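A.B. asks: Let me begin by handing over the structure; questions about it come next.
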Amino acid sequence: MTAAAPPERLVLRRPDDWHVHLRDGALLQAVVGATARVFARAIVMPNLSPPITTVEDARAYRSRILAALPDGCGFTPLLTHYLRDDSDPREIARGFAEGVFTACKLYPAHATTNAAAGVREITSLTPVLETMERIGMPLLLHGEVTDAEVDIFDREAVFIERHLRPLLARHPGLKVVFEHITTAEAVAFVRQGGPRLAATITPHHLRINRNAMFNGGFRPDFYCLPVAKRERHRLALRAAATSGEPCFFLGTDSAPHPRSAKEAACGCAGIFNAPFALESYALTFEEEGALDRLESFASVHGPRFYGLPENTGTIILRREDHLVPSRLHLNDAAGRAVEVVPFHAGELLPWRLAPAPPDGEAS
Ligand code: NCD
Ligand code: ZN
């Protein structure tokens, strides 16, 4: 018997990105199209400067995102509230009821980019979390401790035992997404957490381990938070993402920074993967012999967790080698070029997004 020929094209229900940084101002204009060309919806992170905390902030930010969209891409941004120790449960509940906030994001103070105003003491959020539990609003976690004495490669695993396990026990009805997981410990923890606990997995954590940052010199384009871990963790993430388990779904954590901000004495954390994110996941799923599970990871598990309908449109990936540019010169709102290095820079990718047919025409 001969093995079936590998497919030449994939037709997928249109996917969503359950974790993305679209930025604001000039950079927003430059990057939003890369997400909107493929994803129907995205959970947009609130770590702007200043962060998105009020319903009015979120409404205004949503309008700026919609105004920056290229014509005709039918994209819906889903906004999030940036939690602080003094967040007001009434403001959060109002934003959720009015369809402005989809979820709340918890950044431990100083954990990552624009997280200085984040949460210092998680237990100070108890009234907020009780409200979210009551109204069914998901909590999205940047799951890393920030204590300087904890090794940076251990910060996610320590967060689970020190904060996440107790938080879930205090709030047994709260829906929680452990964002951009990077460790075997997180995979195992999410698996046993029942239907109210899920995790997003990025394209880059499926492809790089921590060696990528130090390959022949320091490589800031592979520096992100949480930082990539050892190879055994990458393998655990690949097994989880491609397993078909509903608790794992797509969240790119695409986090663009201008090249000058990455190549600096104190360079920013973040990988800009939006231009080729789905193509990157497709490559990983194919390598794992799991192309038939890509659609559930990208387009089904996320809406199911959030209690939202699945998208009705489709997208097509064609098998076609194409070279990812080593630099992108994106035009910002003022017509200036912003230089950003995309994930997979200089690599050949075997899958390429084709324009989607109108609804109902996919075969
Ligand atoms: C993100 C950013 O730049 O906003 N950076 C990153 O490395 N992922 C913040 C975050 O998600 O941690
Ligand atoms: Zn992020």
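Every chain in the structure tokens has a letter given in the order shown (A, B, ...), and although residue numbers restart at 1 in each chain, ligands are simply numbered from 1 in the order shown.
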Can you tell me which residues surround Phe159 of chain A at a distance of at most 12 Å, considering only C-alpha atoms, apart from same-chain residues fewer than 6 positions away, and format the answer as a ChimeraX atom specification?
C.D. replies: /A:107-108,111,122,141-147,150-153,165-167,178,181,183,185-186,189,226
A.B. asks: List as a count of residues only the protein and nucleic acid residues near Arg234 of chain A, meaning an atom at most 12 Å away when only C-alpha atoms are counted, but skip any in the same chain fewer than 6 places from it.
C.D. replies: 23
A.B. asks: Distance limit 7 Å, reference ligand 1, atoms considered: only C-alpha atoms and all ligand atoms. Which residues make the cut? Give them as JSON, numbers by chain.
C.D. replies: {"A": [21, 47, 112, 113, 114, 142, 223, 224, 225, 226, 253, 255, 256, 257, 268, 269, 270, 271]}
A.B. asks: Could those selected residues go to a file with N, CA, C and O atoms, as a short mmCIF file (atom, residue, chain, number, x, y, z; two decimals), in the first residue's frame?
C.D. replies:
```cif
data_model
loop_
_atom_site.label_atom_id
_atom_site.label_comp_id
_atom_site.auth_asym_id
_atom_site.auth_seq_id
_atom_site.Cartn_x
_atom_site.Cartn_y
_atom_site.Cartn_z
N HIS A 21 -1.22 41.44 20.19
CA HIS A 21 -0.91 42.83 20.52
C HIS A 21 -1.00 43.64 19.23
O HIS A 21 -0.15 43.47 18.34
N ASN A 47 -2.25 46.07 26.95
CA ASN A 47 -1.04 46.65 27.55
C ASN A 47 -0.49 47.80 26.71
O ASN A 47 0.63 47.79 26.25
N THR A 112 6.15 42.04 32.07
CA THR A 112 6.44 42.11 30.63
C THR A 112 6.25 43.54 30.13
O THR A 112 6.14 44.47 30.93
N THR A 113 6.20 43.71 28.79
CA THR A 113 6.05 45.04 28.18
C THR A 113 4.82 45.76 28.75
O THR A 113 3.72 45.20 28.77
N ASN A 114 5.00 46.98 29.18
CA ASN A 114 3.90 47.81 29.72
C ASN A 114 3.10 47.11 30.82
O ASN A 114 1.88 47.26 30.91
N HIS A 142 -1.18 36.31 32.35
CA HIS A 142 0.24 36.20 32.06
C HIS A 142 0.82 35.46 33.26
O HIS A 142 1.00 36.04 34.33
N TYR A 223 13.68 36.74 21.27
CA TYR A 223 13.43 37.03 22.69
C TYR A 223 11.98 37.48 22.86
O TYR A 223 11.54 38.45 22.24
N CYS A 224 11.25 36.75 23.67
CA CYS A 224 9.88 37.11 23.99
C CYS A 224 9.61 36.67 25.41
O CYS A 224 10.44 35.98 26.02
N LEU A 225 8.48 37.06 25.93
CA LEU A 225 8.09 36.63 27.27
C LEU A 225 6.72 35.95 27.19
O LEU A 225 5.84 36.46 26.50
N PRO A 226 6.51 34.84 27.87
CA PRO A 226 7.53 34.09 28.57
C PRO A 226 8.60 33.60 27.60
O PRO A 226 8.32 33.24 26.46
N ASP A 253 0.17 35.64 20.26
CA ASP A 253 1.01 36.58 21.02
C ASP A 253 1.91 37.38 20.09
O ASP A 253 3.03 37.73 20.45
N ALA A 255 3.67 40.23 18.81
CA ALA A 255 4.00 41.40 19.63
C ALA A 255 5.08 42.22 18.93
O ALA A 255 6.27 42.10 19.22
N PRO A 256 4.65 43.06 17.96
CA PRO A 256 5.64 43.80 17.16
C PRO A 256 6.35 44.90 17.95
O PRO A 256 5.73 45.60 18.75
N HIS A 257 7.63 44.99 17.71
CA HIS A 257 8.44 46.12 18.17
C HIS A 257 9.30 46.54 16.99
O HIS A 257 9.82 45.68 16.28
N CYS A 268 13.41 45.08 23.70
CA CYS A 268 12.04 44.72 24.09
C CYS A 268 11.77 43.23 23.81
O CYS A 268 12.27 42.67 22.84
N ALA A 269 10.90 42.66 24.65
CA ALA A 269 10.45 41.28 24.45
C ALA A 269 9.28 41.28 23.50
O ALA A 269 8.38 42.11 23.62
N GLY A 270 9.27 40.34 22.56
CA GLY A 270 8.11 40.21 21.68
C GLY A 270 8.53 39.76 20.31
O GLY A 270 9.56 40.20 19.79
N ILE A 271 7.73 38.87 19.72
CA ILE A 271 8.00 38.33 18.39
C ILE A 271 6.82 38.69 17.49
O ILE A 271 5.66 38.45 17.85
#
```
A.B. asks: Name the residues of segment 46-196 of chain A that fall into helix (DSSP H, G or I) according to DSSP on the backbone, using the chain letters and numbers of this document, as a PyMOL selection string.
C.D. replies: chain A and resi 55-68+89-97+122-135+152-170+184-191
A.B. asks: Env of Thr131 of chain A: 9 Å cut, atoms = only C-alpha atoms, seq-sep filter 5 positions within chain, self excluded. Answer as a ChimeraX atom specification.
C.D. replies: /A:89-90,92-93,126,136-137
A.B. asks: Would you pick out the contacts of Leu125 of chain A at 8 Å or less, using only C-alpha atoms, so that residues sharing its chain but fewer than 5 positions from it are not included, and give the list as a PyMOL selection string?
C.D. replies: chain A and resi 85-87
A.B. asks: Dump C-alpha atoms for the selected residues as a CSV table (one decimal), in the first residue's frame?
C.D. replies:
```csv
chain,number,residue,atom,x,y,z
A,85,ASP,CA,-5.0,46.1,42.2
A,86,ASP,CA,-7.7,48.8,42.4
A,87,SER,CA,-9.8,47.6,39.4
```
A.B. asks: I need the residue nearest His171 of chain A from this list: A:Arg196, A:Arg327, A:Lys262, A:Lys105. Use only C-alpha atoms for the distance.
C.D. replies: A:Arg196
A.B. asks: Can you list, as a ChimeraX atom specification, all residues belonging to segment 55-212 of chain A that DSSP tags as strand (DSSP E)?
C.D. replies: /A:76-82,101-106,139-141,176-178,197-201
A.B. asks: For a quick check of understanding, using only C-alpha atoms and all ligand atoms, which of A:Ala117, A:Leu140, A:Ala34, A:Leu79 has the smallest distance to ligand 2?
C.D. replies: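 Ranked by minimum distance to ligand 2, first place goes to A:Leu140.
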A.B. asks: Measuring atom to atom with only C-alpha atoms, identify which of A:Arg318, A:Arg336, A:His329, A:His301 is nearest to Pro350 of chain A.
C.D. replies: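 Selected residue with least distance to Pro350 of chain A: A:Arg318.
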A.B. asks: Select, from A:Ala264, A:Leu10, A:Ala277, A:Val20, the residue with the minimum atom-to-atom distance to ligand 2, counting only C-alpha atoms and all ligand atoms.
C.D. replies: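 Using only C-alpha atoms and all ligand atoms, ligand 2 sits closest to A:Val20.
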A.B. asks: For Ala58 of chain A, work out the shell of residues within 10 Å, counting only C-alpha atoms and skipping chain neighbours fewer than 4 positions away, then give it as a PyMOL selection string.
C.D. replies: chain A and resi 46+51-54+62-64+78-81+95+100-101
A.B. asks: So that I have them on file, write out the residues from the current selection with N, CA, C and O atoms, as a CSV table (one decimal), in the first residue's frame.
C.D. replies:
```
chain,number,residue,atom,x,y,z
A,46,PRO,N,-4.5,44.6,26.3
A,46,PRO,CA,-4.7,46.0,26.7
A,46,PRO,C,-3.5,46.7,27.2
A,46,PRO,O,-3.5,47.7,27.8
A,51,PRO,N,-2.5,51.9,29.9
A,51,PRO,CA,-3.3,50.7,29.6
A,51,PRO,C,-4.8,50.9,29.5
A,51,PRO,O,-5.3,52.0,29.9
A,52,ILE,N,-5.5,50.0,28.8
A,52,ILE,CA,-7.0,50.0,28.7
A,52,ILE,C,-7.6,49.6,30.0
A,52,ILE,O,-7.6,48.4,30.3
A,53,THR,N,-8.2,50.5,30.7
A,53,THR,CA,-8.9,50.1,32.0
A,53,THR,C,-10.4,50.4,32.0
A,53,THR,O,-11.1,49.7,32.5
A,54,THR,N,-10.8,51.5,31.4
A,54,THR,CA,-12.2,51.9,31.5
A,54,THR,C,-12.9,51.5,30.2
A,54,THR,O,-12.3,51.2,29.2
A,62,ARG,N,-11.2,50.5,20.3
A,62,ARG,CA,-11.9,49.6,19.3
A,62,ARG,C,-12.1,50.5,18.0
A,62,ARG,O,-11.9,50.0,16.9
A,63,SER,N,-12.6,51.7,18.2
A,63,SER,CA,-12.8,52.6,17.0
A,63,SER,C,-11.5,52.8,16.3
A,63,SER,O,-11.5,52.9,15.1
A,64,ARG,N,-10.4,53.0,17.0
A,64,ARG,CA,-9.1,53.2,16.3
A,64,ARG,C,-8.7,52.0,15.5
A,64,ARG,O,-8.1,52.1,14.5
A,78,LEU,N,-11.8,41.9,19.8
A,78,LEU,CA,-12.5,41.7,21.1
A,78,LEU,C,-11.6,42.2,22.2
A,78,LEU,O,-10.4,41.8,22.3
A,79,LEU,N,-12.1,43.2,23.0
A,79,LEU,CA,-11.2,44.0,23.8
A,79,LEU,C,-11.1,43.4,25.2
A,79,LEU,O,-12.0,42.7,25.7
A,80,THR,N,-10.1,43.8,25.9
A,80,THR,CA,-9.8,43.3,27.3
A,80,THR,C,-9.5,44.4,28.2
A,80,THR,O,-9.0,45.4,27.8
A,81,HIS,N,-9.9,44.2,29.5
A,81,HIS,CA,-9.6,45.1,30.5
A,81,HIS,C,-8.3,44.8,31.2
A,81,HIS,O,-8.0,43.6,31.5
A,95,GLY,N,-18.7,46.9,31.3
A,95,GLY,CA,-18.1,46.7,30.0
A,95,GLY,C,-18.4,45.4,29.4
A,95,GLY,O,-18.6,45.3,28.2
A,100,VAL,N,-18.3,45.4,25.4
A,100,VAL,CA,-17.1,46.1,25.1
A,100,VAL,C,-15.9,45.3,25.6
A,100,VAL,O,-14.9,45.1,24.9
A,101,PHE,N,-16.0,44.8,26.8
A,101,PHE,CA,-14.9,43.9,27.3
A,101,PHE,C,-15.3,42.5,27.1
A,101,PHE,O,-16.4,42.1,27.6
```
A.B. asks: Within 7 Å of Pro15 of chain A, counting only C-alpha atoms, which residues show up once you throw out same-chain ones fewer than 6 positions away? Write them as number ranges by chain, please.
C.D. replies: A: 39-40, 298-299
A.B. asks: So, with only C-alpha atoms and all ligand atoms as the atoms that count, which of A:Asp57, A:Asp71, A:Asp17, A:Glu286 lies closest to ligand 2?
C.D. replies: A:Asp17
A.B. asks: With only C-alpha atoms as the counted atoms, please give the residues lying no more than 10 Å from Val31 of chain A, apart from itself and same-chain residues fewer than 5 positions off, as a list in words.
C.D. replies: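 Contacts, in chain order: His21, Leu22, Arg23, Asp24, Ala26, Ala36, Ala68, Leu69, Ser254, Ala255, Pro256, Phe272, Ala274, Pro275, Leu330, Asn331, Asp332, Val338 and Val340 of chain A.
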A.B. asks: Which is closest to Arg155 of chain A among A:Lys229, A:Phe248, A:Ile43, A:Phe218, if we use only C-alpha atoms?
C.D. replies: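 Among the listed residues, A:Lys229 lies closest to Arg155 of chain A.
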